[in-house]
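Shown next: coords.cif, given as mmCIF, C-alpha atoms.
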```cif
data_input
#
loop_
_atom_site.group_PDB
_atom_site.id
_atom_site.type_symbol
_atom_site.label_atom_id
_atom_site.label_comp_id
_atom_site.auth_asym_id
_atom_site.auth_seq_id
_atom_site.Cartn_x
_atom_site.Cartn_y
_atom_site.Cartn_z
ATOM 1 C CA MET A 1 66.716 149.215 18.708
ATOM 2 C CA GLN A 2 65.189 152.668 18.373
ATOM 3 C CA TYR A 3 62.856 154.239 20.951
ATOM 4 C CA ARG A 4 60.099 156.837 20.778
ATOM 5 C CA GLU A 5 58.114 158.627 23.463
ATOM 6 C CA LEU A 6 54.740 157.051 24.134
ATOM 7 C CA GLY A 7 52.373 159.991 24.240
ATOM 8 C CA ARG A 8 52.461 161.783 27.592
ATOM 9 C CA THR A 9 53.302 158.693 29.672
ATOM 10 C CA GLY A 10 56.960 159.624 30.043
ATOM 11 C CA TRP A 11 57.934 156.209 28.691
ATOM 12 C CA LYS A 12 60.262 155.633 25.775
ATOM 13 C CA VAL A 13 59.271 152.404 24.070
ATOM 14 C CA SER A 14 60.835 150.265 21.380
ATOM 15 C CA THR A 15 59.664 151.214 17.904
ATOM 16 C CA VAL A 16 59.199 147.524 17.182
ATOM 17 C CA SER A 17 57.441 146.012 20.164
ATOM 18 C CA PHE A 18 55.710 142.634 20.644
ATOM 19 C CA GLY A 19 52.101 141.794 19.827
ATOM 20 C CA ALA A 20 51.019 138.838 21.940
ATOM 21 C CA TRP A 21 47.777 137.804 20.241
ATOM 22 C CA ALA A 22 49.283 134.844 18.394
ATOM 23 C CA ILE A 23 50.881 133.314 21.491
ATOM 24 C CA GLY A 24 47.487 133.260 23.162
ATOM 25 C CA GLY A 25 45.445 131.633 20.416
ATOM 26 C CA SER A 26 43.343 132.040 17.252
ATOM 27 C CA TRP A 27 46.429 131.640 15.061
ATOM 28 C CA GLY A 28 46.653 127.847 14.845
ATOM 29 C CA THR A 29 48.935 125.632 16.908
ATOM 30 C CA VAL A 30 51.105 127.467 19.410
ATOM 31 C CA ASP A 31 53.662 126.081 21.855
ATOM 32 C CA ASP A 32 54.319 127.914 25.128
ATOM 33 C CA ARG A 33 58.032 127.088 25.036
ATOM 34 C CA ASN A 34 58.389 128.630 21.600
ATOM 35 C CA SER A 35 56.280 131.582 22.680
ATOM 36 C CA LEU A 36 58.500 132.267 25.672
ATOM 37 C CA ALA A 37 61.573 131.912 23.467
ATOM 38 C CA ALA A 38 60.124 134.548 21.135
ATOM 39 C CA LEU A 39 59.421 136.854 24.057
ATOM 40 C CA HIS A 40 62.880 136.412 25.541
ATOM 41 C CA ARG A 41 64.612 136.977 22.195
ATOM 42 C CA SER A 42 62.627 140.169 21.744
ATOM 43 C CA ILE A 43 63.742 141.479 25.119
ATOM 44 C CA ASP A 44 67.329 140.465 24.322
ATOM 45 C CA LEU A 45 67.134 142.735 21.268
ATOM 46 C CA GLY A 46 65.750 145.733 23.103
ATOM 47 C CA VAL A 47 61.959 145.355 23.021
ATOM 48 C CA ASN A 48 60.429 146.902 26.129
ATOM 49 C CA LEU A 49 56.685 146.901 25.409
ATOM 50 C CA ILE A 50 54.347 143.933 25.009
ATOM 51 C CA ASP A 51 50.739 144.249 23.918
ATOM 52 C CA THR A 52 48.273 141.578 25.017
ATOM 53 C CA ALA A 53 44.602 141.208 25.992
ATOM 54 C CA ASP A 54 42.499 139.311 28.490
ATOM 55 C CA VAL A 55 40.787 137.341 25.717
ATOM 56 C CA TYR A 56 43.949 136.128 23.982
ATOM 57 C CA GLY A 57 43.710 132.449 24.838
ATOM 58 C CA ASP A 58 41.347 133.310 27.707
ATOM 59 C CA GLY A 59 44.247 134.758 29.710
ATOM 60 C CA ARG A 60 46.960 132.469 28.362
ATOM 61 C CA SER A 61 48.824 135.339 26.725
ATOM 62 C CA GLU A 62 48.720 137.504 29.853
ATOM 63 C CA ARG A 63 50.035 134.632 31.972
ATOM 64 C CA LEU A 64 52.929 134.018 29.584
ATOM 65 C CA VAL A 65 53.823 137.704 29.756
ATOM 66 C CA ALA A 66 53.753 137.497 33.563
ATOM 67 C CA GLN A 67 56.119 134.533 33.420
ATOM 68 C CA LEU A 68 58.464 136.454 31.145
ATOM 69 C CA ARG A 69 58.576 139.460 33.474
ATOM 70 C CA LYS A 70 59.336 137.181 36.403
ATOM 71 C CA GLU A 71 62.329 135.798 34.515
ATOM 72 C CA ARG A 72 63.742 139.158 33.348
ATOM 73 C CA SER A 73 65.236 142.101 35.197
ATOM 74 C CA GLU A 74 64.676 144.685 32.465
ATOM 75 C CA THR A 75 61.801 147.151 32.534
ATOM 76 C CA VAL A 76 59.065 145.741 30.302
ATOM 77 C CA TYR A 77 55.880 147.752 29.893
ATOM 78 C CA VAL A 78 52.729 145.705 29.414
ATOM 79 C CA ALA A 79 49.645 146.950 27.624
ATOM 80 C CA THR A 80 46.558 144.797 27.935
ATOM 81 C CA LYS A 81 42.932 145.253 26.888
ATOM 82 C CA ALA A 82 39.467 144.850 28.332
ATOM 83 C CA GLY A 83 35.942 144.630 26.999
ATOM 84 C CA ARG A 84 35.815 141.720 24.595
ATOM 85 C CA ARG A 85 34.844 139.302 27.352
ATOM 86 C CA LEU A 86 31.365 140.815 27.154
ATOM 87 C CA ASP A 87 28.747 138.545 25.621
ATOM 88 C CA PRO A 88 26.960 140.136 23.951
ATOM 89 C CA HIS A 89 29.599 142.742 23.176
ATOM 90 C CA VAL A 90 27.427 145.840 23.486
ATOM 91 C CA SER A 91 28.034 149.381 24.694
ATOM 92 C CA GLY A 92 25.916 148.889 27.804
ATOM 93 C CA GLY A 93 28.393 146.300 29.035
ATOM 94 C CA TYR A 94 31.111 148.918 29.490
ATOM 95 C CA SER A 95 29.970 149.564 33.035
ATOM 96 C CA ARG A 96 31.907 150.243 36.218
ATOM 97 C CA ALA A 97 31.213 146.765 37.551
ATOM 98 C CA ASN A 98 32.297 144.961 34.393
ATOM 99 C CA LEU A 99 35.407 147.050 33.752
ATOM 100 C CA SER A 100 36.493 146.698 37.362
ATOM 101 C CA ALA A 101 36.046 142.936 37.180
ATOM 102 C CA PHE A 102 38.024 142.704 33.946
ATOM 103 C CA VAL A 103 40.837 144.743 35.457
ATOM 104 C CA GLU A 104 40.988 142.549 38.551
ATOM 105 C CA ARG A 105 41.205 139.448 36.376
ATOM 106 C CA SER A 106 44.046 140.910 34.294
ATOM 107 C CA LEU A 107 45.907 142.011 37.429
ATOM 108 C CA LYS A 108 45.807 138.414 38.598
ATOM 109 C CA ASN A 109 46.864 137.005 35.217
ATOM 110 C CA LEU A 110 49.723 139.497 34.957
ATOM 111 C CA ASN A 111 50.708 139.010 38.612
ATOM 112 C CA THR A 112 50.991 142.732 39.178
ATOM 113 C CA GLU A 113 49.511 145.399 41.417
ATOM 114 C CA ALA A 114 48.901 147.908 38.610
ATOM 115 C CA ILE A 115 48.418 147.567 34.861
ATOM 116 C CA ASP A 116 50.857 149.741 32.936
ATOM 117 C CA LEU A 117 48.426 150.533 30.125
ATOM 118 C CA LEU A 118 44.829 149.349 29.841
ATOM 119 C CA GLN A 119 43.104 149.751 26.479
ATOM 120 C CA LEU A 120 39.405 149.460 25.761
ATOM 121 C CA HIS A 121 39.307 146.554 23.319
ATOM 122 C CA CYS A 122 37.607 147.758 20.142
ATOM 123 C CA PRO A 123 34.338 148.657 21.828
ATOM 124 C CA PRO A 124 31.209 149.550 19.856
ATOM 125 C CA THR A 125 31.353 153.053 18.420
ATOM 126 C CA GLU A 126 28.722 154.236 20.918
ATOM 127 C CA VAL A 127 31.197 153.776 23.798
ATOM 128 C CA TYR A 128 33.316 156.668 22.524
ATOM 129 C CA TYR A 129 30.281 158.897 23.149
ATOM 130 C CA MET A 130 29.914 157.685 26.746
ATOM 131 C CA PRO A 131 32.051 159.960 28.948
ATOM 132 C CA GLU A 132 31.007 157.996 32.008
ATOM 133 C CA THR A 133 33.037 155.013 30.734
ATOM 134 C CA PHE A 134 36.185 157.115 30.579
ATOM 135 C CA GLY A 135 35.333 158.413 34.035
ATOM 136 C CA VAL A 136 35.496 154.838 35.306
ATOM 137 C CA LEU A 137 38.975 154.517 33.810
ATOM 138 C CA ASP A 138 40.011 157.753 35.526
ATOM 139 C CA ASP A 139 38.807 156.311 38.819
ATOM 140 C CA LEU A 140 40.785 153.107 38.261
ATOM 141 C CA VAL A 141 43.917 155.199 37.699
ATOM 142 C CA HIS A 142 43.250 157.141 40.894
ATOM 143 C CA ALA A 143 42.744 153.848 42.749
ATOM 144 C CA GLY A 144 46.188 152.644 41.624
ATOM 145 C CA LYS A 145 44.830 149.804 39.493
ATOM 146 C CA LEU A 146 46.013 151.401 36.221
ATOM 147 C CA ARG A 147 48.995 153.601 35.445
ATOM 148 C CA HIS A 148 47.579 154.825 32.144
ATOM 149 C CA TYR A 149 44.784 154.004 29.741
ATOM 150 C CA GLY A 150 44.042 154.212 26.046
ATOM 151 C CA VAL A 151 41.865 152.640 23.391
ATOM 152 C CA SER A 152 42.112 150.090 20.632
ATOM 153 C CA VAL A 153 39.899 151.095 17.724
ATOM 154 C CA GLU A 154 38.585 149.777 14.435
ATOM 155 C CA LYS A 155 37.783 153.097 12.775
ATOM 156 C CA VAL A 156 39.522 156.434 12.296
ATOM 157 C CA GLU A 157 36.291 158.096 13.467
ATOM 158 C CA GLU A 158 36.609 156.276 16.792
ATOM 159 C CA ALA A 159 40.248 157.265 17.165
ATOM 160 C CA LEU A 160 39.476 160.932 16.598
ATOM 161 C CA LYS A 161 36.638 160.845 19.113
ATOM 162 C CA ALA A 162 38.685 158.962 21.721
ATOM 163 C CA ILE A 163 41.489 161.504 21.843
ATOM 164 C CA GLU A 164 39.022 164.229 22.815
ATOM 165 C CA TYR A 165 39.122 162.660 26.288
ATOM 166 C CA PRO A 166 42.056 164.323 28.052
ATOM 167 C CA ASN A 167 43.449 161.242 29.767
ATOM 168 C CA VAL A 168 43.485 158.914 26.758
ATOM 169 C CA GLN A 169 47.220 158.368 26.379
ATOM 170 C CA THR A 170 47.326 155.974 23.446
ATOM 171 C CA VAL A 171 45.396 154.737 20.444
ATOM 172 C CA GLN A 172 45.980 151.332 18.939
ATOM 173 C CA ILE A 173 44.862 151.196 15.315
ATOM 174 C CA ILE A 174 45.396 149.027 12.249
ATOM 175 C CA PHE A 175 48.011 150.704 10.093
ATOM 176 C CA ASN A 176 50.050 149.025 7.397
ATOM 177 C CA VAL A 177 50.712 149.064 3.647
ATOM 178 C CA PHE A 178 47.119 147.840 3.129
ATOM 179 C CA ARG A 179 45.477 150.251 5.607
ATOM 180 C CA GLN A 180 46.808 153.760 5.016
ATOM 181 C CA ARG A 181 43.853 155.983 5.937
ATOM 182 C CA PRO A 182 45.011 156.776 9.528
ATOM 183 C CA ALA A 183 47.909 158.781 8.082
ATOM 184 C CA GLU A 184 45.566 161.250 6.363
ATOM 185 C CA LEU A 185 44.080 163.087 9.348
ATOM 186 C CA PHE A 186 44.361 161.095 12.538
ATOM 187 C CA PHE A 187 48.160 161.068 12.746
ATOM 188 C CA ALA A 188 48.373 164.864 12.698
ATOM 189 C CA GLU A 189 45.744 165.136 15.428
ATOM 190 C CA ALA A 190 47.497 162.531 17.572
ATOM 191 C CA LEU A 191 50.790 164.403 17.256
ATOM 192 C CA ARG A 192 49.091 167.684 18.148
ATOM 193 C CA ARG A 193 47.571 166.181 21.286
ATOM 194 C CA LYS A 194 50.694 164.134 22.130
ATOM 195 C CA VAL A 195 48.867 160.806 21.950
ATOM 196 C CA GLY A 196 50.885 157.636 21.407
ATOM 197 C CA ILE A 197 50.038 155.343 18.498
ATOM 198 C CA LEU A 198 50.445 151.567 18.500
ATOM 199 C CA ALA A 199 50.202 150.287 14.925
ATOM 200 C CA ARG A 200 48.648 146.851 15.030
ATOM 201 C CA VAL A 201 48.162 144.117 12.383
ATOM 202 C CA PRO A 202 51.343 145.476 10.751
ATOM 203 C CA LEU A 203 51.827 142.431 8.532
ATOM 204 C CA ALA A 204 48.154 142.106 7.538
ATOM 205 C CA SER A 205 47.736 138.734 9.276
ATOM 206 C CA GLY A 206 50.808 137.389 7.512
ATOM 207 C CA MET A 207 49.851 138.567 4.046
ATOM 208 C CA LEU A 208 52.677 141.116 4.068
ATOM 209 C CA THR A 209 55.260 138.488 5.019
ATOM 210 C CA GLY A 210 55.187 137.357 1.395
ATOM 211 C CA LYS A 211 54.996 133.744 2.569
ATOM 212 C CA LEU A 212 51.337 133.096 1.785
ATOM 213 C CA SER A 213 50.041 131.745 -1.508
ATOM 214 C CA ALA A 214 46.837 130.521 -3.115
ATOM 215 C CA GLN A 215 47.720 127.060 -1.769
ATOM 216 C CA SER A 216 48.199 128.115 1.853
ATOM 217 C CA ASN A 217 46.028 126.305 4.376
ATOM 218 C CA PHE A 218 45.049 127.499 7.840
ATOM 219 C CA GLU A 219 44.045 125.428 10.845
ATOM 220 C CA SER A 220 40.405 125.510 11.909
ATOM 221 C CA ASP A 221 41.190 127.554 15.030
ATOM 222 C CA ASP A 222 43.100 130.176 13.012
ATOM 223 C CA HIS A 223 41.087 133.364 12.445
ATOM 224 C CA ARG A 224 42.475 133.471 8.899
ATOM 225 C CA ALA A 225 40.309 130.419 8.227
ATOM 226 C CA PHE A 226 37.125 131.436 10.067
ATOM 227 C CA ASN A 227 36.933 135.250 10.033
ATOM 228 C CA ARG A 228 37.625 136.375 6.474
ATOM 229 C CA HIS A 229 34.173 137.899 6.192
ATOM 230 C CA GLY A 230 33.783 138.994 9.802
ATOM 231 C CA GLU A 231 32.080 135.856 11.070
ATOM 232 C CA ALA A 232 33.630 136.126 14.555
ATOM 233 C CA PHE A 233 34.790 139.754 14.876
ATOM 234 C CA ASP A 234 35.497 142.745 12.655
ATOM 235 C CA ARG A 235 36.680 141.502 9.282
ATOM 236 C CA GLY A 236 39.287 144.263 9.204
ATOM 237 C CA GLU A 237 41.296 142.272 11.759
ATOM 238 C CA THR A 238 41.864 139.457 9.243
ATOM 239 C CA PHE A 239 44.149 140.295 6.306
ATOM 240 C CA SER A 240 43.327 143.940 7.145
ATOM 241 C CA GLY A 241 39.940 143.445 5.501
ATOM 242 C CA VAL A 242 41.493 142.786 2.088
ATOM 243 C CA ASP A 243 40.206 139.938 -0.079
ATOM 244 C CA TYR A 244 42.756 137.113 -0.002
ATOM 245 C CA ASP A 245 43.433 136.907 -3.754
ATOM 246 C CA THR A 246 43.548 140.690 -4.047
ATOM 247 C CA GLY A 247 46.115 140.806 -1.282
ATOM 248 C CA LEU A 248 48.307 138.210 -2.968
ATOM 249 C CA LYS A 249 48.356 140.221 -6.204
ATOM 250 C CA ALA A 250 49.345 143.386 -4.368
ATOM 251 C CA VAL A 251 52.114 141.550 -2.516
ATOM 252 C CA ASP A 252 53.529 140.343 -5.822
ATOM 253 C CA GLU A 253 53.925 143.981 -6.869
ATOM 254 C CA LEU A 254 55.424 144.974 -3.525
ATOM 255 C CA ARG A 255 58.144 142.324 -3.731
ATOM 256 C CA ALA A 256 60.032 144.380 -6.291
ATOM 257 C CA LEU A 257 60.395 147.213 -3.760
ATOM 258 C CA VAL A 258 62.088 145.194 -1.008
ATOM 259 C CA PRO A 259 65.752 146.273 -0.716
ATOM 260 C CA ALA A 260 68.440 143.653 -1.165
ATOM 261 C CA GLY A 261 69.159 141.797 2.065
ATOM 262 C CA TRP A 262 65.824 142.676 3.662
ATOM 263 C CA SER A 263 62.968 140.286 4.339
ATOM 264 C CA MET A 264 59.510 141.338 3.255
ATOM 265 C CA PRO A 265 58.296 141.577 6.880
ATOM 266 C CA GLN A 266 61.181 143.924 7.610
ATOM 267 C CA PHE A 267 60.183 146.058 4.644
ATOM 268 C CA ALA A 268 56.550 146.220 5.780
ATOM 269 C CA LEU A 269 57.526 147.140 9.339
ATOM 270 C CA ARG A 270 60.088 149.741 8.280
ATOM 271 C CA TRP A 271 57.438 151.344 6.048
ATOM 272 C CA ILE A 272 55.239 151.863 9.120
ATOM 273 C CA LEU A 273 58.095 153.451 11.072
ATOM 274 C CA MET A 274 58.595 156.036 8.334
ATOM 275 C CA PHE A 275 55.629 157.838 9.945
ATOM 276 C CA ASP A 276 56.761 159.907 12.922
ATOM 277 C CA ALA A 277 53.316 159.838 14.525
ATOM 278 C CA VAL A 278 53.623 156.078 15.061
ATOM 279 C CA THR A 279 55.192 155.316 18.423
ATOM 280 C CA CYS A 280 55.626 151.630 17.773
ATOM 281 C CA THR A 281 54.376 148.743 15.737
ATOM 282 C CA ILE A 282 53.454 145.453 17.402
ATOM 283 C CA PRO A 283 54.033 142.433 15.146
ATOM 284 C CA GLY A 284 53.446 139.003 16.599
ATOM 285 C CA ALA A 285 55.918 136.144 16.677
ATOM 286 C CA LYS A 286 55.431 132.482 17.536
ATOM 287 C CA ASN A 287 59.139 131.636 17.703
ATOM 288 C CA SER A 288 62.478 133.335 18.266
ATOM 289 C CA ALA A 289 63.428 133.450 14.573
ATOM 290 C CA GLN A 290 60.283 135.403 13.693
ATOM 291 C CA ALA A 291 60.881 137.707 16.640
ATOM 292 C CA GLU A 292 64.448 138.463 15.568
ATOM 293 C CA ASP A 293 63.427 139.156 11.967
ATOM 294 C CA ASN A 294 60.759 141.572 13.162
ATOM 295 C CA VAL A 295 62.852 143.402 15.716
ATOM 296 C CA THR A 296 65.867 144.014 13.512
ATOM 297 C CA SER A 297 63.692 146.084 11.162
ATOM 298 C CA ALA A 298 63.871 148.909 13.724
ATOM 299 C CA ASP A 299 67.499 149.619 12.843
ATOM 300 C CA LEU A 300 67.205 149.468 9.058
ATOM 301 C CA PRO A 301 67.780 152.667 7.056
ATOM 302 C CA GLU A 302 64.930 154.868 5.867
ATOM 303 C CA LEU A 303 63.099 153.913 2.698
ATOM 304 C CA ALA A 304 63.664 156.071 -0.369
ATOM 305 C CA SER A 305 60.966 158.595 -1.249
ATOM 306 C CA GLU A 306 60.514 156.827 -4.593
ATOM 307 C CA THR A 307 59.783 153.600 -2.744
ATOM 308 C CA MET A 308 57.248 155.298 -0.499
ATOM 309 C CA ASP A 309 55.554 156.796 -3.551
ATOM 310 C CA ARG A 310 55.381 153.417 -5.255
ATOM 311 C CA VAL A 311 53.782 151.816 -2.192
ATOM 312 C CA CYS A 312 51.114 154.520 -2.317
ATOM 313 C CA GLU A 313 50.525 153.812 -6.004
ATOM 314 C CA ILE A 314 50.046 150.093 -5.361
ATOM 315 C CA TYR A 315 47.660 150.874 -2.520
ATOM 316 C CA ALA A 316 45.678 153.251 -4.714
ATOM 317 C CA SER A 317 45.376 150.823 -7.608
ATOM 318 C CA ARG A 318 44.983 147.505 -5.774
ATOM 319 C CA ILE A 319 43.642 148.082 -2.271
ATOM 320 C CA ARG A 320 42.107 151.480 -1.577
ATOM 321 C CA ASN A 321 38.630 150.835 -2.996
ATOM 322 C CA PHE A 322 38.222 147.758 -0.794
ATOM 323 C CA VAL A 323 39.180 149.266 2.571
ATOM 324 C CA HIS A 324 39.642 153.010 2.653
ATOM 325 C CA ASN A 325 36.095 154.146 3.402
ATOM 326 C CA TYR A 326 35.213 151.248 5.698
ATOM 327 C CA TRP A 327 37.623 151.907 8.544
#
```
Let's see the structure in the file written out as C-alpha cells.
Amino acid sequence: MQYRELGRTGWKVSTVSFGAWAIGGSWGTVDDRNSLAALHRSIDLGVNLIDTADVYGDGRSERLVAQLRKERSETVYVATKAGRRLDPHVSGGYSRANLSAFVERSLKNLNTEAIDLLQLHCPPTEVYYMPETFGVLDDLVHAGKLRHYGVSVEKVEEALKAIEYPNVQTVQIIFNVFRQRPAELFFAEALRRKVGILARVPLASGMLTGKLSAQSNFESDDHRAFNRHGEAFDRGETFSGVDYDTGLKAVDELRALVPAGWSMPQFALRWILMFDAVTCTIPGAKNSAQAEDNVTSADLPELASETMDRVCEIYASRIRNFVHNYW
C-alpha cells in the first residue's frame, strides 16, 4: 500500500481507501457479513481510511464501520457526511441546529466521541456562499465534536469556492476516466492550498470495471436502475453522468489499454493515482474479492505516457461533450 498526506490534517492515508456507500444501500442486495469481510480484507491490505455517510442505508454503513473499528486495533480514519437527510434538501437547511443534530446522530452510529472528518454532503451551490455554515463547522471542531471538516461536491465551481474557506481540509469530487475536468484547474489550486482530494465514483458506478453489458440488469433498489437521469439525486453520481450505451462503447476502446495481468478496475484506479493532487480514491466493495482487487492497484507501476495520452483521446472523442461542461 502507498500513502499520501491528507491536506493539512497531518494524516497519511492509503491511496486506495474504502468507499462505504454500497455496503449501506442503493446498490442492490447487500449482506452485512460480506460487507464486513470486505472491510476487514481492506484493512489487512493497508487501507486506513473509510468514507461513509449518514444516509447510506439510513446509518447502516456508519454502524458497520463502527463494528469494524471495534474489531481492529489499527488506526482507521473515518470520513462521514452530513446534509442529505434534509427534506427538502435546500440551502436554508444547513443551519446550526440541523448540522449539530446530524453530527450527534453520526457520533452515535460511529460509537465515537469525535468524527475524524465530516464532509458537507453535496449541498446546493448556494451553501458555498454561506460563510455562516462554515462557521458552524468551526464551532463543532472547537467543541471537540469534529477533528476536521471538508466538503463533497458535484461541481468544480463548488470545489474552488469551498477551498477559499481556510479550515476546509478536504474536497471529495468525482474524478475518473469519464470525468477529467477537475484535473484542469482545481487540482493545481488544491495543491497550492494543501487541500486533500478524495476521488469518488472512481469506477463510474461499475461501468469502468468492464463487467457491464447491454444485457446487464439492476435491482429496483439499485441507483443504476432508478437514477440514470437524475430522478433521485444528481445524475452525475450514476455512471458519472454518461449515457449507458455511450459508456459501454468507450469501455470497449479502453480495454485495449489495460496492461497484461491487470484487471480493468485496477487500470481505472491506477489512472486516477497518476495525478499527484489526488490523496486517495475510494472505490466501493461488497465482498472481500472486490476489495482485494481494488486495493492491490495501489502498488502497480505507473502507466506509460502513451497510455495516458490515449485515455485522454478516448475521453475527448467519446465522453467529453456529454459531461465536461456540466460538472
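Under the PyMOL selection byres ((chain A and resi 191) around 12), the matching residues in the shown file are Glu5, Leu6, Gly7, Arg8, Leu160, Ile163, Gln169, Thr170, Val171, Ala183, Leu185, Phe186, Phe187, Ala188, Glu189, Ala190, Arg192, Arg193, Lys194, Val195, Gly196, Ile197, Phe275, Asp276, Ala277, Val278 and Thr279 of chain A.
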**Item:** Selection: 8 Å around Glu292 in chain A, only C-alpha atoms, excl. self and same-chain fewer than 4 positions, as JSON, numbers by chain
**Value:** {"A": [41, 42, 45, 288, 296]}
Given the PyMOL selection byres ((chain A and resi 319) around 10) and the file above, list the residues it selects as a JSON list (two decimals) with C-alpha atoms, in the frame of the given file.
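Generated output (selection.json):
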```json
[["chain", "number", "residue", "atom", "x", "y", "z"],
["A", 177, "VAL", "CA", 50.71, 149.06, 3.65],
["A", 178, "PHE", "CA", 47.12, 147.84, 3.13],
["A", 179, "ARG", "CA", 45.48, 150.25, 5.61],
["A", 180, "GLN", "CA", 46.81, 153.76, 5.02],
["A", 241, "GLY", "CA", 39.94, 143.44, 5.50],
["A", 242, "VAL", "CA", 41.49, 142.79, 2.09],
["A", 243, "ASP", "CA", 40.21, 139.94, -0.08],
["A", 246, "THR", "CA", 43.55, 140.69, -4.05],
["A", 247, "GLY", "CA", 46.12, 140.81, -1.28],
["A", 249, "LYS", "CA", 48.36, 140.22, -6.20],
["A", 250, "ALA", "CA", 49.34, 143.39, -4.37],
["A", 312, "CYS", "CA", 51.11, 154.52, -2.32],
["A", 313, "GLU", "CA", 50.52, 153.81, -6.00],
["A", 314, "ILE", "CA", 50.05, 150.09, -5.36],
["A", 315, "TYR", "CA", 47.66, 150.87, -2.52],
["A", 316, "ALA", "CA", 45.68, 153.25, -4.71],
["A", 317, "SER", "CA", 45.38, 150.82, -7.61],
["A", 318, "ARG", "CA", 44.98, 147.50, -5.77],
["A", 320, "ARG", "CA", 42.11, 151.48, -1.58],
["A", 321, "ASN", "CA", 38.63, 150.84, -3.00],
["A", 322, "PHE", "CA", 38.22, 147.76, -0.79],
["A", 323, "VAL", "CA", 39.18, 149.27, 2.57],
["A", 324, "HIS", "CA", 39.64, 153.01, 2.65]]
```
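Shortest atom-to-atom contact with Val16 in chain A among A:His121, A:Arg228, A:Arg270, A:Arg181: A:Arg270, counting all atoms listed in the file.
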**Asked** Which residue, A:Val55, A:Val76, A:Val201, A:Ala304, has the smallest gap to Arg105 in chain A when you use only C-alpha atoms?
**Response** A:Val55
**Message:** I want to know what sits within 10 Å of range 96-103 of chain A, based on all atoms listed in the file, with residues of the same chain fewer than 5 positions away left out; could you give that as a PyMOL selection string?
**Reply:** chain A and resi 54+80-86+108-109+114-115+118+120+132-137+139-140+145-146
Kindly list the centre and edge lengths in Å, rounded to one decimal, for the axis-aligned box that covers all listed atoms of range 142-153 of chain A plus 6 Å on each of its six sides, as AutoDock Vina command-line options.
```
--center_x 44.4 --center_y 153.5 --center_z 30.2 --size_x 21.1 --size_y 19.3 --size_z 37.0
```
Can I get range 125-138 of chain A with N, CA and C atoms filled in, as a compact mmCIF listing (two decimals), in the coordinates of the input?
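New file selection_35.txt:
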```
# COMPACT_ATOMS: atom_id res chain seq x y z
N THR A 125 31.13 151.63 18.63
CA THR A 125 31.35 153.05 18.42
C THR A 125 30.65 153.90 19.48
N GLU A 126 29.48 153.46 19.95
CA GLU A 126 28.72 154.24 20.92
C GLU A 126 29.52 154.51 22.20
N VAL A 127 30.44 153.62 22.55
CA VAL A 127 31.20 153.78 23.80
C VAL A 127 32.03 155.06 23.78
N TYR A 128 32.49 155.46 22.61
CA TYR A 128 33.32 156.67 22.52
C TYR A 128 32.49 157.93 22.79
N TYR A 129 31.19 157.79 22.84
CA TYR A 129 30.28 158.90 23.15
C TYR A 129 29.67 158.73 24.54
N MET A 130 30.36 157.94 25.38
CA MET A 130 29.91 157.68 26.75
C MET A 130 30.99 158.16 27.72
N PRO A 131 31.00 159.44 28.07
CA PRO A 131 32.05 159.96 28.95
C PRO A 131 32.11 159.25 30.29
N GLU A 132 30.99 158.69 30.72
CA GLU A 132 31.01 158.00 32.01
C GLU A 132 31.95 156.79 32.00
N THR A 133 32.12 156.15 30.83
CA THR A 133 33.04 155.01 30.73
C THR A 133 34.48 155.47 30.96
N PHE A 134 34.83 156.60 30.39
CA PHE A 134 36.18 157.12 30.58
C PHE A 134 36.37 157.64 32.00
N GLY A 135 35.27 158.05 32.62
CA GLY A 135 35.33 158.41 34.03
C GLY A 135 35.67 157.22 34.91
N VAL A 136 35.15 156.05 34.56
CA VAL A 136 35.50 154.84 35.31
C VAL A 136 36.99 154.56 35.19
N LEU A 137 37.54 154.74 34.00
CA LEU A 137 38.98 154.52 33.81
C LEU A 137 39.79 155.51 34.63
N ASP A 138 39.33 156.76 34.68
CA ASP A 138 40.01 157.75 35.53
C ASP A 138 40.03 157.29 36.98
```
